[in-house]
Amino acid sequence: MKVPLLDLKAQYHTIRDEVLAATRELYETQRFILGPEVEKLEERVARYCQTEYAVGVSSGTDALLISLMAAGIGPGDEVITTPYTFFATVGSIVRVGATPVFVDIREDTYNIDPKAIIDKITKLTKAIMPVHLYGQCCDMAPILELAHAHDIVVIEDAAQAIGSEYKGRRAGSMGDMGCFSFFPSKNLGAFGDGGMVTTSSGMLYEKLRILRVHGSEPKYYHKVIGGNFRLDALQAAIVLVKLSYLDQWTSARRANAGLYRELFSKEGMDDVIGLPVEKNGRHIYNQFVIVVQSRRDELRGFLNESGIGTEVYYPVPMHLQPCFEYLDAEKGDFPKAEAAAEKTLALPIYAELTDEQQAYIVQKIKAFYLS
Ligand SMILES: *Cc1c(COP(=O)(O)O)cnc(C)c1O
């Protein structure tokens with residue numbers, strides 16, 4: 001049996017006709033940059049994410065970058081974030097000239113530990129960038145409280161978390177801005193790169209729109225320096241089709257997570273495999289990440305030989321990346337992030353995964369540890 005980590009072809013086959021129809025219209029208009037599809041997607045995503053506004057951008061990375069720019073963050077400023085994230089979170093902080101300040105994660109959710117943030121706040125702290133990792137929101141109440149008390153901007157990295165909820169609030173609606181990615185492997189993926197920034201601030205919305213087109217307002221007049229952060233109409237048209245299916249796909253992912261729990265438990269694996277912990281609301285399972293106490297890489301190799309795709313998100317925490325050596329962090333500084341990097345493994349969780357495939361995966365993991 002073959003089980004890839006993600007099977008985008010299986011998803012495409014279910015929406016092929018709609019996608020082809022939606023894009024065919026655009027070929028006839030030959031209008032590919034921004035335009036009505038992008039505006040329609042912005043309205044839909046804003047509503048979906050419980051915000052007033054949304055601004056379509058060129059990628060999740062650019063969503064982070066433009067949000068930092070809109071918040072006026074730059075050299076001399078500190079931005080608090082997690083070392084256990086995709087590179088773009090920290091890369092974008094450095095690209096605007098600010099200094100990333102790391103706070104370790106909670107070992108149950110892999111998200112930033114709100115209790116540890118207070119010790120890292122200085123008079124230079126301008127923003128907190130919580131990352132809703134794997135599709136589960138950070139514990140936002142204490143983060144928002146701290147941010148409010150210290151007049152700090154909150155930019156949510158919600159690239160893995162569209163539709164994820166914290167106490168009834170959607171990811172991207174709790175901070176000043178929320179950053180989303182339409183990278184194909186995200187729960188709402190385009191056929192290429194794309195992203196979105198959500199906000200309920202009219203002022204930030206205006207700034208984001210201007211920064212997206214090189215800071216131009218009106219056209220060819222520049223009071224600020226922005227970039228080309230535009231979303232393609234083609235990507236917007238495709239994402240619009242997919243957005244109608246998102247809740248259905250999320251339900252399927254959640255059902256798959258439930259089946260993994262049942263199967264691991266039935267096979268007596270509760271003490272061997274740590275399963276994702278759901279806290280405070282709807283987990284959308286961009287990834288289903290297990291934690292093992294030993295031989296993670298060997299397990300990964302064994303599953304690979306058995307035709308099962310897995311991935312490690314992420315093998316090297318940001319404070320140990322060579323390009324961030326100048327931040328002077330050392331091994332041991334963020335032990336929970338380091339432990340997660342060594343012991344976690346993402347299993348297939350995509351909506352079209354079958355019960356038989358899941359049973360096969362669980363059987364193979366059992367065979368590896370218990371035989
Ligand atoms: C995917 C991702 C990004 C970047 O999104 P791109 O669209 O690939 O640029 C940023 N942060 C996190 C946590 C991500 O998972």
# chains A, B, ... in the order shown; residues from 1 in each chain; ligands from 1
>>> closest_atom_pairs(of="chain A", to="ligand 1", cutoff="6 Å", atoms="only C-alpha atoms and all ligand atoms", output="CSV")
residue,atom,partner,partner_atom_place_in_ligand_line,distance
A:Ser59,CA,ligand 1,7 (O),4.0
A:Gly60,CA,ligand 1,5 (O),3.4
A:Thr61,CA,ligand 1,9 (O),3.6
A:Thr85,CA,ligand 1,13 (C),5.5
A:Phe86,CA,ligand 1,13 (C),4.8
A:Ala88,CA,ligand 1,10 (C),4.9
A:Thr89,CA,ligand 1,11 (N),5.2
A:Val131,CA,ligand 1,13 (C),5.9
A:Asp157,CA,ligand 1,11 (N),5.8
A:Ala159,CA,ligand 1,14 (C),4.7
A:Gln160,CA,ligand 1,15 (O),5.0
A:Ser181,CA,ligand 1,7 (O),4.1
A:Phe182,CA,ligand 1,7 (O),5.6
A:Phe183,CA,ligand 1,7 (O),4.5
A:Asp193,CA,ligand 1,7 (O),5.8
A:Gly194,CA,ligand 1,7 (O),5.8
A:Gly195,CA,ligand 1,7 (O),5.8
>>> write_last_selection(atoms="all heavy atoms", output="compact mmCIF listing (two decimals), in the first residue's frame")
# COMPACT_ATOMS: atom_id res chain seq x y z
N SER A 59 2.22 35.66 -0.92
CA SER A 59 2.55 34.42 -0.22
C SER A 59 2.31 34.61 1.27
O SER A 59 2.08 35.75 1.72
CB SER A 59 4.02 34.04 -0.44
OG SER A 59 4.87 34.98 0.20
N GLY A 60 2.40 33.54 2.01
CA GLY A 60 2.31 33.64 3.46
C GLY A 60 3.50 34.42 4.02
O GLY A 60 3.37 35.21 4.96
N THR A 61 4.64 34.19 3.42
CA THR A 61 5.84 34.91 3.83
C THR A 61 5.65 36.41 3.65
O THR A 61 5.96 37.21 4.54
CB THR A 61 7.05 34.44 2.98
OG1 THR A 61 7.19 33.03 3.14
CG2 THR A 61 8.33 35.14 3.39
N THR A 85 9.06 26.92 14.53
CA THR A 85 8.16 27.37 13.48
C THR A 85 8.84 27.20 12.14
O THR A 85 10.02 26.86 12.07
CB THR A 85 7.77 28.86 13.69
OG1 THR A 85 6.86 29.27 12.66
CG2 THR A 85 8.99 29.77 13.68
N PHE A 86 8.08 27.50 11.07
CA PHE A 86 8.69 27.54 9.75
C PHE A 86 9.56 28.79 9.66
O PHE A 86 9.26 29.83 10.26
CB PHE A 86 7.59 27.56 8.67
CG PHE A 86 8.15 27.67 7.28
CD1 PHE A 86 9.02 26.71 6.79
CD2 PHE A 86 7.81 28.74 6.47
CE1 PHE A 86 9.56 26.83 5.51
CE2 PHE A 86 8.33 28.85 5.19
CZ PHE A 86 9.21 27.90 4.71
N ALA A 88 9.95 31.23 7.74
CA ALA A 88 9.42 32.53 7.29
C ALA A 88 9.04 33.45 8.46
O ALA A 88 9.16 34.68 8.35
CB ALA A 88 8.21 32.33 6.38
N THR A 89 8.57 32.88 9.55
CA THR A 89 8.18 33.68 10.70
C THR A 89 9.36 34.56 11.13
O THR A 89 9.24 35.79 11.27
CB THR A 89 7.78 32.77 11.89
OG1 THR A 89 6.97 31.71 11.43
CG2 THR A 89 7.06 33.56 12.97
N VAL A 131 2.57 31.85 16.58
CA VAL A 131 2.36 30.97 15.42
C VAL A 131 1.39 29.87 15.84
O VAL A 131 1.65 29.15 16.80
CB VAL A 131 3.70 30.34 14.97
CG1 VAL A 131 3.48 29.44 13.75
CG2 VAL A 131 4.73 31.42 14.67
N ASP A 157 0.74 34.50 13.08
CA ASP A 157 1.14 33.68 11.94
C ASP A 157 0.16 32.52 11.90
O ASP A 157 0.31 31.53 12.62
CB ASP A 157 2.59 33.20 12.09
CG ASP A 157 3.04 32.39 10.87
OD1 ASP A 157 2.16 31.91 10.11
OD2 ASP A 157 4.26 32.22 10.68
N ALA A 159 -0.61 30.83 9.12
CA ALA A 159 -0.37 30.16 7.83
C ALA A 159 -0.86 28.71 7.84
O ALA A 159 -1.27 28.17 6.82
CB ALA A 159 1.11 30.22 7.47
N GLN A 160 -0.81 28.07 9.01
CA GLN A 160 -1.24 26.66 9.10
C GLN A 160 -2.62 26.54 9.73
O GLN A 160 -3.04 25.44 10.08
CB GLN A 160 -0.23 25.86 9.94
CG GLN A 160 1.18 25.86 9.35
CD GLN A 160 2.17 25.05 10.16
OE1 GLN A 160 1.82 24.35 11.10
NE2 GLN A 160 3.44 25.13 9.79
N SER A 181 -1.41 31.65 4.43
CA SER A 181 -0.67 31.19 3.26
C SER A 181 -1.57 30.29 2.42
O SER A 181 -2.31 29.48 2.97
CB SER A 181 0.56 30.38 3.71
OG SER A 181 1.07 29.63 2.62
N PHE A 182 -1.48 30.46 1.10
CA PHE A 182 -2.17 29.54 0.19
C PHE A 182 -1.17 28.62 -0.50
O PHE A 182 -1.42 28.12 -1.59
CB PHE A 182 -2.98 30.32 -0.86
CG PHE A 182 -4.01 31.26 -0.27
CD1 PHE A 182 -4.15 32.55 -0.77
CD2 PHE A 182 -4.83 30.84 0.77
CE1 PHE A 182 -5.11 33.42 -0.23
CE2 PHE A 182 -5.79 31.71 1.31
CZ PHE A 182 -5.92 33.00 0.81
N PHE A 183 -0.02 28.43 0.12
CA PHE A 183 0.94 27.44 -0.39
C PHE A 183 0.17 26.12 -0.57
O PHE A 183 -0.69 25.79 0.24
CB PHE A 183 2.08 27.27 0.63
CG PHE A 183 3.18 26.37 0.16
CD1 PHE A 183 4.12 26.81 -0.76
CD2 PHE A 183 3.27 25.06 0.63
CE1 PHE A 183 5.13 25.97 -1.20
CE2 PHE A 183 4.27 24.21 0.19
CZ PHE A 183 5.21 24.67 -0.73
N ASP A 193 1.91 30.05 -5.35
CA ASP A 193 2.03 30.83 -4.12
C ASP A 193 0.90 31.83 -3.99
O ASP A 193 0.36 32.33 -4.98
CB ASP A 193 3.38 31.57 -4.10
CG ASP A 193 4.53 30.66 -3.71
OD1 ASP A 193 4.44 30.01 -2.66
OD2 ASP A 193 5.52 30.60 -4.48
N GLY A 194 0.57 32.15 -2.75
CA GLY A 194 -0.44 33.16 -2.47
C GLY A 194 -0.59 33.30 -0.97
O GLY A 194 -0.12 32.44 -0.21
N GLY A 195 -1.21 34.39 -0.54
CA GLY A 195 -1.40 34.59 0.89
C GLY A 195 -2.44 35.67 1.15
O GLY A 195 -3.01 36.24 0.20
>>> residues_around(residues="Leu68 in chain A", least_positions_apart="6", cutoff="10 Å", atoms="only C-alpha atoms", output="PyMOL selection string")
chain A and resi 62+74+79+92-93+95-96+98+126-127+129+153-155+177+208
>>> residues_around(residues="Gly178 in chain A", least_positions_apart="5", cutoff="8 Å", atoms="only C-alpha atoms", output="PyMOL selection string")
chain A and resi 155-158+171-173+197-199
>>> write_last_selection(atoms="C-alpha atoms", output="tab-separated table (two decimals), in the first residue's frame")
chain	number	residue	atom	x	y	z
A	155	ILE	CA	0.62	39.62	14.38
A	156	GLU	CA	-0.72	36.09	14.18
A	157	ASP	CA	1.14	33.68	11.94
A	158	ALA	CA	-1.94	31.70	10.94
A	171	ALA	CA	-7.33	32.39	13.84
A	172	GLY	CA	-6.32	35.73	12.36
A	173	SER	CA	-9.09	37.67	14.13
A	197	VAL	CA	-3.57	39.36	5.66
A	198	THR	CA	-6.68	39.78	7.79
A	199	THR	CA	-7.40	42.78	10.02
>>> residues_around(residues="Ala236 in chain A", least_positions_apart="2", cutoff="12 Å", atoms="only C-alpha atoms", output="compact mmCIF listing (two decimals) with all heavy atoms, in the first residue's frame")
# COMPACT_ATOMS: atom_id res chain seq x y z
N VAL A 19 -12.73 24.20 -11.06
CA VAL A 19 -11.49 24.97 -11.17
C VAL A 19 -11.25 25.36 -12.63
O VAL A 19 -10.91 26.51 -12.93
CB VAL A 19 -10.29 24.16 -10.64
CG1 VAL A 19 -8.97 24.76 -11.07
CG2 VAL A 19 -10.36 24.08 -9.11
N ALA A 22 -13.64 28.15 -13.61
CA ALA A 22 -13.30 29.43 -12.97
C ALA A 22 -12.09 30.09 -13.63
O ALA A 22 -12.03 31.31 -13.78
CB ALA A 22 -13.03 29.22 -11.48
N THR A 23 -11.12 29.29 -14.04
CA THR A 23 -9.92 29.88 -14.62
C THR A 23 -10.10 30.18 -16.11
O THR A 23 -9.54 31.15 -16.61
CB THR A 23 -8.70 28.95 -14.41
OG1 THR A 23 -9.04 27.63 -14.80
CG2 THR A 23 -8.25 28.95 -12.98
N LEU A 26 -11.03 33.66 -16.80
CA LEU A 26 -9.94 34.62 -16.65
C LEU A 26 -9.03 34.67 -17.86
O LEU A 26 -8.53 35.73 -18.24
CB LEU A 26 -9.10 34.28 -15.42
CG LEU A 26 -9.60 34.92 -14.14
CD1 LEU A 26 -8.97 34.26 -12.94
CD2 LEU A 26 -9.28 36.41 -14.15
N PHE A 32 -4.82 39.51 -15.05
CA PHE A 32 -4.26 38.52 -14.14
C PHE A 32 -3.80 39.04 -12.78
O PHE A 32 -3.44 38.27 -11.91
CB PHE A 32 -3.07 37.81 -14.82
CG PHE A 32 -3.48 37.05 -16.06
CD1 PHE A 32 -2.87 37.29 -17.28
CD2 PHE A 32 -4.47 36.08 -15.98
CE1 PHE A 32 -3.23 36.58 -18.40
CE2 PHE A 32 -4.85 35.36 -17.10
CZ PHE A 32 -4.23 35.61 -18.31
N ILE A 33 -3.73 40.36 -12.64
CA ILE A 33 -3.17 40.91 -11.40
C ILE A 33 -4.27 41.60 -10.60
O ILE A 33 -4.97 42.46 -11.13
CB ILE A 33 -2.05 41.94 -11.71
CG1 ILE A 33 -0.97 41.32 -12.61
CG2 ILE A 33 -1.45 42.49 -10.42
CD1 ILE A 33 -0.16 40.21 -12.00
N LEU A 34 -4.42 41.24 -9.34
CA LEU A 34 -5.51 41.75 -8.48
C LEU A 34 -6.84 41.64 -9.22
O LEU A 34 -7.09 40.64 -9.87
CB LEU A 34 -5.20 43.18 -8.01
CG LEU A 34 -3.93 43.30 -7.13
CD1 LEU A 34 -3.61 44.76 -6.80
CD2 LEU A 34 -4.06 42.49 -5.85
N GLY A 35 -7.74 42.63 -9.10
CA GLY A 35 -9.00 42.54 -9.83
C GLY A 35 -10.13 41.91 -9.03
O GLY A 35 -9.98 41.63 -7.84
N PRO A 36 -11.29 41.69 -9.70
CA PRO A 36 -12.50 41.27 -9.00
C PRO A 36 -12.40 39.94 -8.26
O PRO A 36 -12.98 39.79 -7.19
CB PRO A 36 -13.56 41.17 -10.12
CG PRO A 36 -12.91 41.58 -11.37
CD PRO A 36 -11.50 41.96 -11.13
N GLU A 37 -11.66 38.96 -8.81
CA GLU A 37 -11.53 37.67 -8.10
C GLU A 37 -10.81 37.85 -6.77
O GLU A 37 -11.18 37.27 -5.76
CB GLU A 37 -10.76 36.64 -8.95
CG GLU A 37 -11.60 35.86 -9.92
CD GLU A 37 -12.02 36.71 -11.10
OE1 GLU A 37 -11.33 37.71 -11.38
OE2 GLU A 37 -13.05 36.37 -11.71
N VAL A 38 -9.77 38.69 -6.82
CA VAL A 38 -9.02 38.93 -5.58
C VAL A 38 -9.91 39.64 -4.56
O VAL A 38 -9.95 39.26 -3.39
CB VAL A 38 -7.73 39.74 -5.87
CG1 VAL A 38 -7.06 40.17 -4.57
CG2 VAL A 38 -6.76 38.91 -6.70
N GLU A 39 -10.68 40.61 -5.04
CA GLU A 39 -11.56 41.33 -4.11
C GLU A 39 -12.62 40.41 -3.52
O GLU A 39 -12.94 40.48 -2.32
CB GLU A 39 -12.23 42.50 -4.83
CG GLU A 39 -11.28 43.69 -4.98
CD GLU A 39 -11.80 44.75 -5.93
OE1 GLU A 39 -13.04 44.86 -6.08
OE2 GLU A 39 -10.96 45.47 -6.51
N LYS A 40 -13.16 39.55 -4.36
CA LYS A 40 -14.17 38.62 -3.87
C LYS A 40 -13.56 37.66 -2.83
O LYS A 40 -14.17 37.39 -1.79
CB LYS A 40 -14.72 37.82 -5.06
CG LYS A 40 -15.99 37.06 -4.77
CD LYS A 40 -16.64 36.64 -6.09
CE LYS A 40 -17.62 35.51 -5.86
NZ LYS A 40 -18.00 34.82 -7.11
N LEU A 41 -12.37 37.19 -3.13
CA LEU A 41 -11.71 36.30 -2.17
C LEU A 41 -11.41 37.03 -0.86
O LEU A 41 -11.57 36.47 0.23
CB LEU A 41 -10.41 35.74 -2.77
CG LEU A 41 -9.67 34.77 -1.85
CD1 LEU A 41 -10.47 33.50 -1.59
CD2 LEU A 41 -8.30 34.40 -2.43
N GLU A 42 -11.00 38.28 -0.96
CA GLU A 42 -10.73 39.06 0.26
C GLU A 42 -11.98 39.17 1.13
O GLU A 42 -11.92 38.96 2.35
CB GLU A 42 -10.21 40.46 -0.11
CG GLU A 42 -8.81 40.41 -0.70
CD GLU A 42 -8.32 41.75 -1.27
OE1 GLU A 42 -9.16 42.64 -1.55
OE2 GLU A 42 -7.10 41.89 -1.43
N GLU A 43 -13.11 39.45 0.49
CA GLU A 43 -14.37 39.55 1.25
C GLU A 43 -14.72 38.22 1.91
O GLU A 43 -15.09 38.16 3.08
CB GLU A 43 -15.53 39.94 0.32
CG GLU A 43 -15.67 41.42 0.12
CD GLU A 43 -16.60 41.73 -1.04
OE1 GLU A 43 -17.62 41.00 -1.21
OE2 GLU A 43 -16.30 42.68 -1.79
N ARG A 44 -14.58 37.14 1.14
CA ARG A 44 -14.93 35.81 1.67
C ARG A 44 -14.00 35.40 2.80
O ARG A 44 -14.44 34.83 3.80
CB ARG A 44 -14.83 34.76 0.56
CG ARG A 44 -15.86 34.89 -0.51
CD ARG A 44 -17.11 34.06 -0.19
NE ARG A 44 -18.10 34.24 -1.23
CZ ARG A 44 -18.16 33.50 -2.34
NH1 ARG A 44 -17.30 32.51 -2.52
NH2 ARG A 44 -19.07 33.74 -3.25
N VAL A 45 -12.72 35.64 2.63
CA VAL A 45 -11.76 35.22 3.67
C VAL A 45 -11.97 36.07 4.93
O VAL A 45 -11.93 35.55 6.05
CB VAL A 45 -10.30 35.30 3.17
CG1 VAL A 45 -9.31 35.14 4.32
CG2 VAL A 45 -10.05 34.22 2.12
N VAL A 55 -6.56 41.36 2.88
CA VAL A 55 -5.77 41.87 1.76
C VAL A 55 -5.00 40.71 1.14
O VAL A 55 -4.16 40.09 1.81
CB VAL A 55 -4.79 42.97 2.24
CG1 VAL A 55 -3.94 43.49 1.08
CG2 VAL A 55 -5.56 44.12 2.88
N GLY A 56 -5.30 40.40 -0.11
CA GLY A 56 -4.63 39.29 -0.80
C GLY A 56 -3.20 39.67 -1.12
O GLY A 56 -2.94 40.76 -1.65
N VAL A 57 -2.28 38.78 -0.82
CA VAL A 57 -0.86 39.03 -1.07
C VAL A 57 -0.20 37.83 -1.74
O VAL A 57 -0.84 36.80 -1.95
CB VAL A 57 -0.10 39.41 0.23
CG1 VAL A 57 -0.60 40.73 0.80
CG2 VAL A 57 -0.23 38.31 1.28
N SER A 58 1.07 37.99 -2.06
CA SER A 58 1.77 37.04 -2.91
C SER A 58 2.17 35.73 -2.24
O SER A 58 2.47 34.75 -2.94
CB SER A 58 3.00 37.73 -3.50
OG SER A 58 3.47 38.74 -2.64
N SER A 59 2.22 35.66 -0.92
CA SER A 59 2.55 34.42 -0.22
C SER A 59 2.31 34.61 1.27
O SER A 59 2.08 35.75 1.72
CB SER A 59 4.02 34.04 -0.44
OG SER A 59 4.87 34.98 0.20
N PHE A 182 -1.48 30.46 1.10
CA PHE A 182 -2.17 29.54 0.19
C PHE A 182 -1.17 28.62 -0.50
O PHE A 182 -1.42 28.12 -1.59
CB PHE A 182 -2.98 30.32 -0.86
CG PHE A 182 -4.01 31.26 -0.27
CD1 PHE A 182 -4.15 32.55 -0.77
CD2 PHE A 182 -4.83 30.84 0.77
CE1 PHE A 182 -5.11 33.42 -0.23
CE2 PHE A 182 -5.79 31.71 1.31
CZ PHE A 182 -5.92 33.00 0.81
N LEU A 188 -5.94 25.35 2.81
CA LEU A 188 -6.55 26.05 1.69
C LEU A 188 -5.42 26.48 0.76
O LEU A 188 -4.84 27.55 0.93
CB LEU A 188 -7.34 27.27 2.20
CG LEU A 188 -8.09 28.08 1.14
CD1 LEU A 188 -9.16 27.24 0.45
CD2 LEU A 188 -8.72 29.32 1.76
N GLY A 189 -5.13 25.64 -0.22
CA GLY A 189 -3.95 25.86 -1.05
C GLY A 189 -4.29 26.33 -2.45
O GLY A 189 -5.30 25.90 -3.03
N ALA A 190 -3.47 27.19 -2.99
CA ALA A 190 -3.62 27.64 -4.38
C ALA A 190 -2.89 26.66 -5.30
O ALA A 190 -2.42 25.61 -4.86
CB ALA A 190 -3.05 29.05 -4.52
N PHE A 191 -2.78 27.02 -6.57
CA PHE A 191 -1.97 26.24 -7.52
C PHE A 191 -0.65 26.98 -7.73
O PHE A 191 -0.19 27.21 -8.84
CB PHE A 191 -2.71 26.09 -8.86
CG PHE A 191 -3.86 25.10 -8.81
CD1 PHE A 191 -4.32 24.57 -7.61
CD2 PHE A 191 -4.47 24.70 -9.98
CE1 PHE A 191 -5.38 23.67 -7.57
CE2 PHE A 191 -5.53 23.81 -9.96
CZ PHE A 191 -5.99 23.28 -8.76
N GLY A 192 -0.06 27.40 -6.63
CA GLY A 192 1.16 28.17 -6.66
C GLY A 192 1.23 28.92 -5.34
O GLY A 192 0.65 28.48 -4.35
N ASP A 193 1.91 30.05 -5.35
CA ASP A 193 2.03 30.83 -4.12
C ASP A 193 0.90 31.83 -3.99
O ASP A 193 0.36 32.33 -4.98
CB ASP A 193 3.38 31.57 -4.10
CG ASP A 193 4.53 30.66 -3.71
OD1 ASP A 193 4.44 30.01 -2.66
OD2 ASP A 193 5.52 30.60 -4.48
N GLY A 194 0.57 32.15 -2.75
CA GLY A 194 -0.44 33.16 -2.47
C GLY A 194 -0.59 33.30 -0.97
O GLY A 194 -0.12 32.44 -0.21
N GLY A 195 -1.21 34.39 -0.54
CA GLY A 195 -1.40 34.59 0.89
C GLY A 195 -2.44 35.67 1.15
O GLY A 195 -3.01 36.24 0.20
N MET A 196 -2.69 35.93 2.43
CA MET A 196 -3.72 36.90 2.79
C MET A 196 -3.37 37.47 4.16
O MET A 196 -2.85 36.75 5.01
CB MET A 196 -5.07 36.18 2.85
CG MET A 196 -6.30 37.03 2.99
SD MET A 196 -6.76 37.91 1.47
CE MET A 196 -7.50 36.66 0.45
N ARG A 230 1.49 41.52 -4.59
CA ARG A 230 0.14 41.29 -5.11
C ARG A 230 -0.20 39.81 -5.28
O ARG A 230 0.65 38.99 -5.58
CB ARG A 230 0.00 41.98 -6.46
CG ARG A 230 0.15 43.49 -6.38
CD ARG A 230 0.07 44.11 -7.75
NE ARG A 230 1.07 43.58 -8.65
CZ ARG A 230 1.97 44.32 -9.29
NH1 ARG A 230 2.00 45.63 -9.14
NH2 ARG A 230 2.84 43.75 -10.10
N LEU A 231 -1.49 39.53 -5.13
CA LEU A 231 -2.01 38.18 -5.37
C LEU A 231 -2.51 38.10 -6.82
O LEU A 231 -3.17 39.02 -7.30
CB LEU A 231 -3.16 37.88 -4.39
CG LEU A 231 -3.86 36.53 -4.52
CD1 LEU A 231 -2.91 35.37 -4.23
CD2 LEU A 231 -5.05 36.47 -3.55
N ASP A 232 -2.24 36.99 -7.48
CA ASP A 232 -2.73 36.75 -8.85
C ASP A 232 -4.23 36.48 -8.87
O ASP A 232 -4.73 35.74 -8.02
CB ASP A 232 -2.14 35.45 -9.41
CG ASP A 232 -0.72 35.57 -9.81
OD1 ASP A 232 -0.10 36.58 -9.47
OD2 ASP A 232 -0.25 34.62 -10.45
N ALA A 233 -4.90 36.95 -9.89
CA ALA A 233 -6.32 36.65 -10.08
C ALA A 233 -6.54 35.14 -10.25
O ALA A 233 -7.51 34.59 -9.75
CB ALA A 233 -6.85 37.41 -11.29
N LEU A 234 -5.64 34.48 -10.98
CA LEU A 234 -5.80 33.03 -11.19
C LEU A 234 -5.78 32.27 -9.87
O LEU A 234 -6.60 31.39 -9.63
CB LEU A 234 -4.68 32.50 -12.09
CG LEU A 234 -4.89 32.61 -13.60
CD1 LEU A 234 -3.60 32.23 -14.33
CD2 LEU A 234 -6.04 31.71 -14.06
N ILE A 238 -8.95 30.17 -8.06
CA ILE A 238 -8.83 28.77 -7.63
C ILE A 238 -9.12 28.64 -6.13
O ILE A 238 -9.86 27.76 -5.69
CB ILE A 238 -7.42 28.22 -7.98
CG1 ILE A 238 -7.28 28.10 -9.49
CG2 ILE A 238 -7.18 26.88 -7.29
CD1 ILE A 238 -5.85 28.00 -9.99
N VAL A 239 -8.57 29.57 -5.35
CA VAL A 239 -8.79 29.51 -3.90
C VAL A 239 -10.26 29.75 -3.58
O VAL A 239 -10.80 29.15 -2.64
CB VAL A 239 -7.86 30.51 -3.16
CG1 VAL A 239 -8.18 30.55 -1.67
CG2 VAL A 239 -6.40 30.13 -3.36
N LEU A 240 -10.93 30.59 -4.37
CA LEU A 240 -12.37 30.83 -4.17
C LEU A 240 -13.16 29.53 -4.33
O LEU A 240 -14.06 29.24 -3.54
CB LEU A 240 -12.88 31.84 -5.19
CG LEU A 240 -12.91 33.30 -4.74
CD1 LEU A 240 -13.23 34.21 -5.93
CD2 LEU A 240 -13.91 33.53 -3.61
N VAL A 241 -12.82 28.76 -5.36
CA VAL A 241 -13.49 27.47 -5.54
C VAL A 241 -13.25 26.59 -4.31
O VAL A 241 -14.17 26.00 -3.74
CB VAL A 241 -12.97 26.75 -6.81
CG1 VAL A 241 -13.46 25.31 -6.85
CG2 VAL A 241 -13.38 27.51 -8.06
N LYS A 242 -11.99 26.55 -3.88
CA LYS A 242 -11.64 25.65 -2.78
C LYS A 242 -12.23 26.08 -1.45
O LYS A 242 -12.54 25.24 -0.60
CB LYS A 242 -10.12 25.56 -2.66
CG LYS A 242 -9.45 24.75 -3.74
CD LYS A 242 -8.05 24.44 -3.25
CE LYS A 242 -7.27 23.55 -4.16
NZ LYS A 242 -6.03 23.10 -3.48
N LEU A 243 -12.41 27.39 -1.27
CA LEU A 243 -12.92 27.89 0.01
C LEU A 243 -14.31 27.29 0.33
O LEU A 243 -14.62 27.03 1.48
CB LEU A 243 -12.96 29.43 -0.01
CG LEU A 243 -13.40 30.13 1.28
CD1 LEU A 243 -12.55 29.70 2.48
CD2 LEU A 243 -13.30 31.66 1.11
>>> select_by_dssp(residues="range 171-285 of chain A", states="strand (DSSP E)", output="PyMOL selection string")
chain A and resi 177-181+195-199+273-274
>>> closest_atom_pairs(of="range 74-192 of chain A", to="range 344-359 of chain A", cutoff="10 Å", atoms="only C-alpha atoms", output="JSON lines")
{"residue": "A:Tyr134", "atom": "CA", "partner": "A:Ala346", "partner_atom": "CA", "distance": 9.3}
{"residue": "A:Ser185", "atom": "CA", "partner": "A:Tyr350", "partner_atom": "CA", "distance": 9.7}
{"residue": "A:Asn187", "atom": "CA", "partner": "A:Tyr350", "partner_atom": "CA", "distance": 8.6}
>>> residues_around(residues="Ala337 in chain A", least_positions_apart="2", cutoff="12 Å", atoms="only C-alpha atoms", output="JSON, numbers by chain")
{"A": [82, 83, 84, 85, 102, 103, 104, 105, 106, 107, 108, 109, 110, 111, 112, 113, 313, 314, 315, 316, 317, 318, 319, 320, 331, 332, 333, 334, 335, 339, 340, 341, 342, 343, 344]}
>>> residues_around(residues="range 200-207 of chain A", least_positions_apart="2", cutoff="8 Å", atoms="only C-alpha atoms", output="ChimeraX atom specification")
/A:51-55,70-71,173,176-177,198,209-211
>>> atom_distance(atom1="CA of Glu78 in chain A", atom2="CA of Leu65 in chain A")
14.6 Å
>>> closest_residue(among="A:Gln293, A:Gly163, A:Met174, A:Pro184", to="Ser251 in chain A", atoms="only C-alpha atoms")
A:Gly163
>>> atom_distance(atom1="CA of Gln248 in chain A", atom2="CA of Tyr285 in chain A")
12.9 Å
>>> closest_residue(among="A:Leu124, A:Ala252, A:Ile225, A:Val90", to="Gln321 in chain A", atoms="only C-alpha atoms")
A:Val90
>>> closest_residue(among="A:His13, A:Glu278, A:Val3, A:Lys364", to="Leu299 in chain A", atoms="only C-alpha atoms")
A:Lys364
>>> decode(residues="range 133-148 of chain A", atoms="C-alpha atoms", output="JSON list (two decimals), in the first residue's frame")
[["chain", "number", "residue", "atom", "x", "y", "z"],
["A", 133, "LEU", "CA", 1.34, 25.63, 14.68],
["A", 134, "TYR", "CA", -0.05, 22.55, 12.93],
["A", 135, "GLY", "CA", -3.53, 24.11, 12.83],
["A", 136, "GLN", "CA", -4.16, 24.81, 16.51],
["A", 137, "CYS", "CA", -4.40, 28.30, 17.99],
["A", 138, "CYS", "CA", -1.99, 29.51, 20.62],
["A", 139, "ASP", "CA", -3.37, 30.27, 24.06],
["A", 140, "MET", "CA", -4.28, 33.80, 22.97],
["A", 141, "ALA", "CA", -6.01, 35.29, 26.04],
["A", 142, "PRO", "CA", -2.83, 35.83, 28.09],
["A", 143, "ILE", "CA", -0.91, 36.93, 24.98],
["A", 144, "LEU", "CA", -3.51, 39.57, 24.11],
["A", 145, "GLU", "CA", -3.63, 40.72, 27.73],
["A", 146, "LEU", "CA", 0.15, 41.22, 27.82],
["A", 147, "ALA", "CA", 0.14, 42.97, 24.45],
["A", 148, "HIS", "CA", -2.59, 45.31, 25.58]]
